[in-house]
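Enquirer: Here you go, one structure.
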Protein chains: 2
Amino acid sequence: MPKAKYEQIYKILKNKIETGEYKPQEFLPSENTLIIEFSCSRNTLRRAISELVKIGYVQTMQGKGVCCIFQPTDKATFTLGTIESFAESAKRNGLIGTSEIIKFCECIADKKISDLTGFKVGEPLYYLQRLHLMNDMPMILNHSYFRQDIAKGLTCEIAQNSVYNYLENILGINIVSSKRTVTVEYMTELDKKYLDLGEYNCLAVVSSQTFNSDGIMFEYTESRHHPRYFRFQDNAIRKK
Amino acid sequence: MPKAKYEQIYKILKNKIETGEYKPQEFLPSENTLIIEFSCSRNTLRRAISELVKIGYVQTMQGKGVCCIFQPTDKATFTLGTIESFAESAKRNGLIGTSEIIKFCECIADKKISDLTGFKVGEPLYYLQRLHLMNDMPMILNHSYFRQDIAKGLTCEIAQNSVYNYLENILGINIVSSKRTVTVEYMTELDKKYLDLGEYNCLAVVSSQTFNSDGIMFEYTESRHHPRYFRFQDNAIRKK
DNA sequence: TATATCAACTTGTTTAAACAAGTTTTATTG
DNA sequence: CAATAAAACTTGTTTAAACAAGTTGATATA
């Protein structure tokens with residue numbers, strides 16, 4: 001449950017849009033109306049609205065009002081688009097997600113790894129190779145590097161369960177932001193071996209750098225997705 | 001040039017980060033220091049900072065400060081990731097971008113088009129098929145649908161130049177926000193014919209819905225990218 | 001010395017007020 | 001009746017102030 005008032009208002013409005021109380025192409029009540037409804041200041045309300053703009057639910061128009069531009073997304077397909085673990089994604093889509101570890105080892109970042117990940121040469125790392133399945137279908141082949149001094153004590157047994165649970169709840173690491181790049185790459189022998197690619201010879205590759213609350217990049221992960229089940233959503237606001 | 005004060009401050013700070021005046025892992029000066037430097041209120045400064053958070057340049061830490069997490073991106077590769085036209089992207093990458101029209105016609109949205117694009121059945125549309133090249137290499141095959149009542153008067157000749165220039169500068173349409181979905185799809189006969197795919201048999205497909213300042217979706221475009229030159233960047237902030 | 005506490009920082013949230021700027025409605029004027 | 005002007009809305013920007021909450025370092029205490 002959110003503590004901040006603007007987050008509460010944001011959630012209420014978001015819900016009203018999703019349930020159709022505010023319909024697409026229609027205007028939301030004016031700021032003044034909503035201020036009275038929520039007993040809040042204008043700034044607080046506007047902050048909630050700006051969160052709705054960010055996720056592409058509404059569009060503000062100076063002098064006119066706030067217009068709803070929500071369109072329900074197709075929930076049938078598997079969707080990635082937020083920072084969430086594989087387990088969280090699976091649960092949200094009502095599927096059974098399982099993982100198996102292919103490889104786990106310690107290593108030192110050499111030039112090649114450094115160029116790929118952004119870690120400094122000589123940095124001690126954990127390397128983890130995992131296969132993620134949904135309803136027994138192989139979906140994602142993951143290559144992860146973790147800084148040893150941050151993710152200290154990581155073992156194969158821990159990775160068997162949930163790495164993120166260990167990092168967040170046991171080690172107390174706060175995961176804050178993540179930079180991601182999506183590309184399409186030709187399959188490797190490993191991809192062919194573990195993912196059931198069929199006629200496809202390419203994959204969707206999501207490379208991400210994850211930062212903790214000290215601003216330190218402690219994880220680099222390359223997620224190689226089966227093309228059939230990959231979908232990445234985004235919302236862009238035009239620069240003025 | 002930006003008119004709003006917070007945008008000016010944002011640009012100055014952004015530039016200082018890009019040029020290395022504020023280095024990764026280091027803290028920016030505190031709010032109070034920057035407030036004095038820019039002669040602005042705390043809110044205005046914080047708004048500039050929050051823009052930097054959005055683009056993944058800095059990370060704020062309560063009680064500690066604002067940490068720089070910028071890492072220069074590889075400018076060698078062609079990057080898409082904002083709302084910008086093909087011409088703008090080309091220019092930013094120092095390449096010569098050209099386009100050729102494969103097909104242009106008027107049509108009415110049927111069930112199939114409606115499901116694909118989100119336009120209502122019966123909506124009169126323009127359909128435009130274009131091939132984008134960079135330095136004479138075919139890169140993107142574009143399928144676009146425009147609402148006739150919004151993009152009125154669009155012709156093959158206009159499309160030959162710049163559709164966006166016509167929409168924005170001639171018709172005076174304000175393009176505000178855009179929802180995009182990235183998927184990977186198996187190539188079609190058309191893809192094979194126009195894009196020089198080589199050994200690849202898949203493409204990166206960016207589907208986007210674009211809204212004007214009235215909150216009306218007036219364009220649906222499916223951009224089919226050559227996988228070798230596709231790169232999509234994103235920055236996510238962890239939900240609390 | 002080691003520990004606990006407090007003070008002085010940092011960013012996070014909320015309220016209030018004023019003015020700017022764009023849009024729509026109403027009233028006025030010709 | 002039509003055109004214009006004014007008023008009454010709308011959102012956009014900026015300032016100021018107060019308090020909350022997290023981190024750090026100095027101080028006092030045992």
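Going through the structure tokens in order, the chains are called A, B, and so on, while each chain numbers its residues from 1 and the ligands are numbered from 1 in the order shown.
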Please identify every residue of chain C that has at least one atom no more than 12 Å from any atom of chain B, counting only C-alpha atoms (C1' of nucleotides), and report them as number ranges by chain.
Expert: C: 8-13, 20
Enquirer: Any chance you could export the current selection's N, CA and C atoms (P, O5', C5', C4', C3', O3' and C1' of nucleotides) as a PDB file, in the first residue's frame?
Expert:
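After the write, part.pdb holds the following:
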```pdb
ATOM      1  P    DA C   8      23.086  22.295  15.035  1.00  0.00           P
ATOM      2  O5'  DA C   8      23.557  21.882  13.565  1.00  0.00           O
ATOM      3  C5'  DA C   8      24.822  21.227  13.390  1.00  0.00           C
ATOM      4  C4'  DA C   8      24.858  20.532  12.043  1.00  0.00           C
ATOM      5  C3'  DA C   8      24.216  21.338  10.901  1.00  0.00           C
ATOM      6  O3'  DA C   8      25.099  21.373   9.798  1.00  0.00           O
ATOM      7  C1'  DA C   8      23.370  19.136  10.931  1.00  0.00           C
ATOM      8  P    DC C   9      24.833  22.332   8.571  1.00  0.00           P
ATOM      9  O5'  DC C   9      23.612  21.631   7.788  1.00  0.00           O
ATOM     10  C5'  DC C   9      23.717  21.368   6.402  1.00  0.00           C
ATOM     11  C4'  DC C   9      23.976  19.873   6.168  1.00  0.00           C
ATOM     12  C3'  DC C   9      23.226  19.311   4.977  1.00  0.00           C
ATOM     13  O3'  DC C   9      23.937  19.578   3.787  1.00  0.00           O
ATOM     14  C1'  DC C   9      23.068  17.829   6.828  1.00  0.00           C
ATOM     15  P    DT C  10      23.184  19.978   2.495  1.00  0.00           P
ATOM     16  O5'  DT C  10      22.422  18.651   2.065  1.00  0.00           O
ATOM     17  C5'  DT C  10      23.150  17.578   1.455  1.00  0.00           C
ATOM     18  C4'  DT C  10      22.300  16.325   1.448  1.00  0.00           C
ATOM     19  C3'  DT C  10      21.005  16.381   0.661  1.00  0.00           C
ATOM     20  O3'  DT C  10      21.251  16.173  -0.717  1.00  0.00           O
ATOM     21  C1'  DT C  10      20.639  15.321   2.741  1.00  0.00           C
ATOM     22  P    DT C  11      20.240  16.767  -1.792  1.00  0.00           P
ATOM     23  O5'  DT C  11      18.995  15.767  -1.699  1.00  0.00           O
ATOM     24  C5'  DT C  11      19.132  14.414  -2.096  1.00  0.00           C
ATOM     25  C4'  DT C  11      17.922  13.611  -1.640  1.00  0.00           C
ATOM     26  C3'  DT C  11      16.651  13.798  -2.476  1.00  0.00           C
ATOM     27  O3'  DT C  11      16.004  12.538  -2.637  1.00  0.00           O
ATOM     28  C1'  DT C  11      16.191  14.300  -0.228  1.00  0.00           C
ATOM     29  P    DG C  12      14.538  12.410  -3.305  1.00  0.00           P
ATOM     30  O5'  DG C  12      13.530  12.482  -2.068  1.00  0.00           O
ATOM     31  C5'  DG C  12      13.169  11.286  -1.383  1.00  0.00           C
ATOM     32  C4'  DG C  12      11.779  11.430  -0.761  1.00  0.00           C
ATOM     33  C3'  DG C  12      10.691  11.830  -1.761  1.00  0.00           C
ATOM     34  O3'  DG C  12       9.522  11.049  -1.528  1.00  0.00           O
ATOM     35  C1'  DG C  12      10.764  13.392   0.010  1.00  0.00           C
ATOM     36  P    DT C  13       8.196  11.289  -2.414  1.00  0.00           P
ATOM     37  O5'  DT C  13       7.348  12.258  -1.490  1.00  0.00           O
ATOM     38  C5'  DT C  13       6.893  11.782  -0.228  1.00  0.00           C
ATOM     39  C4'  DT C  13       6.027  12.829   0.436  1.00  0.00           C
ATOM     40  C3'  DT C  13       4.829  13.307  -0.387  1.00  0.00           C
ATOM     41  O3'  DT C  13       3.662  13.061   0.379  1.00  0.00           O
ATOM     42  C1'  DT C  13       5.995  15.139   0.555  1.00  0.00           C
ATOM     43  P    DA C  20       1.668  37.670 -15.196  1.00  0.00           P
ATOM     44  O5'  DA C  20       1.874  36.395 -16.130  1.00  0.00           O
ATOM     45  C5'  DA C  20       3.037  35.586 -15.978  1.00  0.00           C
ATOM     46  C4'  DA C  20       2.965  34.394 -16.912  1.00  0.00           C
ATOM     47  C3'  DA C  20       2.371  34.698 -18.284  1.00  0.00           C
ATOM     48  O3'  DA C  20       3.114  34.010 -19.277  1.00  0.00           O
ATOM     49  C1'  DA C  20       1.115  32.984 -17.240  1.00  0.00           C
TER      50       DA C  20
END
```
Enquirer: Please tabulate, as CSV, the residues of chain D that come within 10 Å of chain B, each with its closest pair of atoms and the distance in Å to one decimal, counting only C-alpha atoms (C1' of nucleotides) and ordering rows by chain, then residue number upward.
Expert:
```
residue,atom,partner,partner_atom,distance
D:DG12,C1',B:Ala4,CA,9.5
D:DT13,C1',B:Ala4,CA,7.2
D:DT14,C1',B:Thr44,CA,7.0
D:DT15,C1',B:Ser41,CA,6.1
D:DA16,C1',B:Ser41,CA,8.1
D:DA21,C1',B:Gly63,CA,8.0
D:DG22,C1',B:Gly63,CA,4.5
D:DT23,C1',B:Gly63,CA,4.9
D:DT24,C1',B:Lys64,CA,8.5
```
Enquirer: Take the residues just selected and output them with C-alpha atoms (C1' of nucleotides) as a PDB file, in the first residue's frame.
Expert:
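Okay, result-v2.pdb is ready:
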```pdb
ATOM      1  C1'  DG D  12       1.498  25.379 -16.978  1.00  0.00           C
ATOM      2  C1'  DT D  13       5.226  27.503 -14.213  1.00  0.00           C
ATOM      3  C1'  DT D  14       7.367  29.400 -10.207  1.00  0.00           C
ATOM      4  C1'  DT D  15       8.045  30.759  -5.525  1.00  0.00           C
ATOM      5  C1'  DA D  16       7.829  30.032  -0.446  1.00  0.00           C
ATOM      6  C1'  DA D  21      12.493  10.894   6.876  1.00  0.00           C
ATOM      7  C1'  DG D  22      17.015   9.017   5.819  1.00  0.00           C
ATOM      8  C1'  DT D  23      22.298   9.471   6.321  1.00  0.00           C
ATOM      9  C1'  DT D  24      26.443  11.397   8.341  1.00  0.00           C
TER      10       DT D  24
END
```
Enquirer: What are the residues of chain A that have an atom within 8 Å of an atom of chain B, counting only C-alpha atoms, as a count of residues only?
Expert: 42
Enquirer: Go ahead and compute the interatomic distance for atom CA of Ile96 of chain A and atom CA of Met134 of chain A, in Å to one decimal.
Expert: 5.5 Å
Enquirer: One decimal, Å: what's the distance from atom CA of Ile17 of chain B over to atom CA of Pro72 of chain B, could you say?
Expert: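 Computing the Euclidean distance for atom CA of Ile17 of chain B and atom CA of Pro72 of chain B yields 9.7 Å.
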Enquirer: What parts of segment 53-195 of chain A does DSSP call strand (DSSP E)? I'd like the answer as an MDAnalysis selection string.
Expert: chainID A and resid 58:61 65:68 97:108 124:134 137:147 175:186
Enquirer: What does the distance from atom CA of Thr188 of chain A to atom CA of Leu141 of chain A come to in Å, to one decimal?
Expert: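 One can read the atom CA of Thr188 of chain A to atom CA of Leu141 of chain A distance as 11.1 Å.
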Enquirer: I want to know what sits within 12 Å of Asp149 of chain B, based on only C-alpha atoms (C1' of nucleotides), with residues of the same chain fewer than 2 positions away left out; could you give that as a ChimeraX atom specification?
Expert: /B:106,123-126,146-147,151-154,171,173,216-219
Enquirer: Excluding DT4 of chain D and its own-chain neighbours fewer than 4 positions away, which residues fall within 12 Å of it when counting only C-alpha atoms (C1' of nucleotides)? Please give them as a PyMOL selection string.
Expert: chain C and resi 27-30
Enquirer: Of the candidates B:Tyr194, B:Tyr166, B:Tyr57, B:Tyr220, which one gets nearest to Ile113 of chain B if we count only C-alpha atoms?
Expert: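 Result for the nearest residue to Ile113 of chain B: B:Tyr220.
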Enquirer: When DSSP works through the backbone of this structure, what residues of segment 100-173 of chain A end up as helix (DSSP H, G or I), shown as a ChimeraX atom specification?
Expert: /A:111-117,156-160,163-170
Enquirer: Could you save those same residues with N, CA and C atoms as a short mmCIF file (atom, residue, chain, number, x, y, z; two decimals), in the first residue's frame?
Expert:
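File produced: out.cif:
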```cif
data_model
loop_
_atom_site.label_atom_id
_atom_site.label_comp_id
_atom_site.auth_asym_id
_atom_site.auth_seq_id
_atom_site.Cartn_x
_atom_site.Cartn_y
_atom_site.Cartn_z
N LYS A 111 38.83 -8.09 -20.70
CA LYS A 111 38.50 -7.03 -21.66
C LYS A 111 37.16 -7.29 -22.35
N LYS A 112 36.96 -8.51 -22.75
CA LYS A 112 35.77 -8.88 -23.50
C LYS A 112 34.51 -8.71 -22.65
N ILE A 113 34.57 -9.22 -21.44
CA ILE A 113 33.43 -9.10 -20.53
C ILE A 113 33.19 -7.64 -20.16
N SER A 114 34.26 -6.92 -19.97
CA SER A 114 34.17 -5.50 -19.62
C SER A 114 33.46 -4.70 -20.71
N ASP A 115 33.84 -4.95 -21.95
CA ASP A 115 33.21 -4.25 -23.07
C ASP A 115 31.72 -4.58 -23.16
N LEU A 116 31.42 -5.84 -22.90
CA LEU A 116 30.03 -6.28 -22.99
C LEU A 116 29.18 -5.69 -21.87
N THR A 117 29.70 -5.77 -20.64
CA THR A 117 28.87 -5.48 -19.48
C THR A 117 29.01 -4.06 -18.93
N CYS A 156 24.92 -21.49 -6.04
CA CYS A 156 24.08 -22.19 -6.99
C CYS A 156 22.73 -22.53 -6.34
N GLU A 157 22.79 -22.87 -5.06
CA GLU A 157 21.56 -23.26 -4.36
C GLU A 157 20.60 -22.07 -4.23
N ILE A 158 21.17 -20.90 -3.94
CA ILE A 158 20.35 -19.70 -3.80
C ILE A 158 19.72 -19.34 -5.15
N ALA A 159 20.55 -19.43 -6.20
CA ALA A 159 20.06 -19.10 -7.54
C ALA A 159 18.94 -20.04 -7.98
N GLN A 160 18.98 -21.26 -7.43
CA GLN A 160 17.94 -22.24 -7.73
C GLN A 160 16.56 -21.68 -7.37
N VAL A 163 17.05 -15.32 -7.16
CA VAL A 163 18.21 -14.45 -6.94
C VAL A 163 17.75 -13.13 -6.35
N TYR A 164 16.67 -12.59 -6.91
CA TYR A 164 16.20 -11.28 -6.47
C TYR A 164 15.69 -11.30 -5.03
N ASN A 165 15.09 -12.41 -4.65
CA ASN A 165 14.65 -12.55 -3.27
C ASN A 165 15.86 -12.49 -2.34
N TYR A 166 16.94 -13.17 -2.73
CA TYR A 166 18.17 -13.16 -1.95
C TYR A 166 18.77 -11.76 -1.87
N LEU A 167 18.85 -11.10 -3.01
CA LEU A 167 19.47 -9.78 -3.05
C LEU A 167 18.67 -8.75 -2.25
N GLU A 168 17.36 -8.78 -2.43
CA GLU A 168 16.52 -7.76 -1.80
C GLU A 168 16.22 -8.06 -0.34
N ASN A 169 15.81 -9.29 -0.06
CA ASN A 169 15.33 -9.60 1.29
C ASN A 169 16.41 -10.11 2.23
N ILE A 170 17.41 -10.81 1.72
CA ILE A 170 18.46 -11.32 2.60
C ILE A 170 19.61 -10.31 2.71
#
```
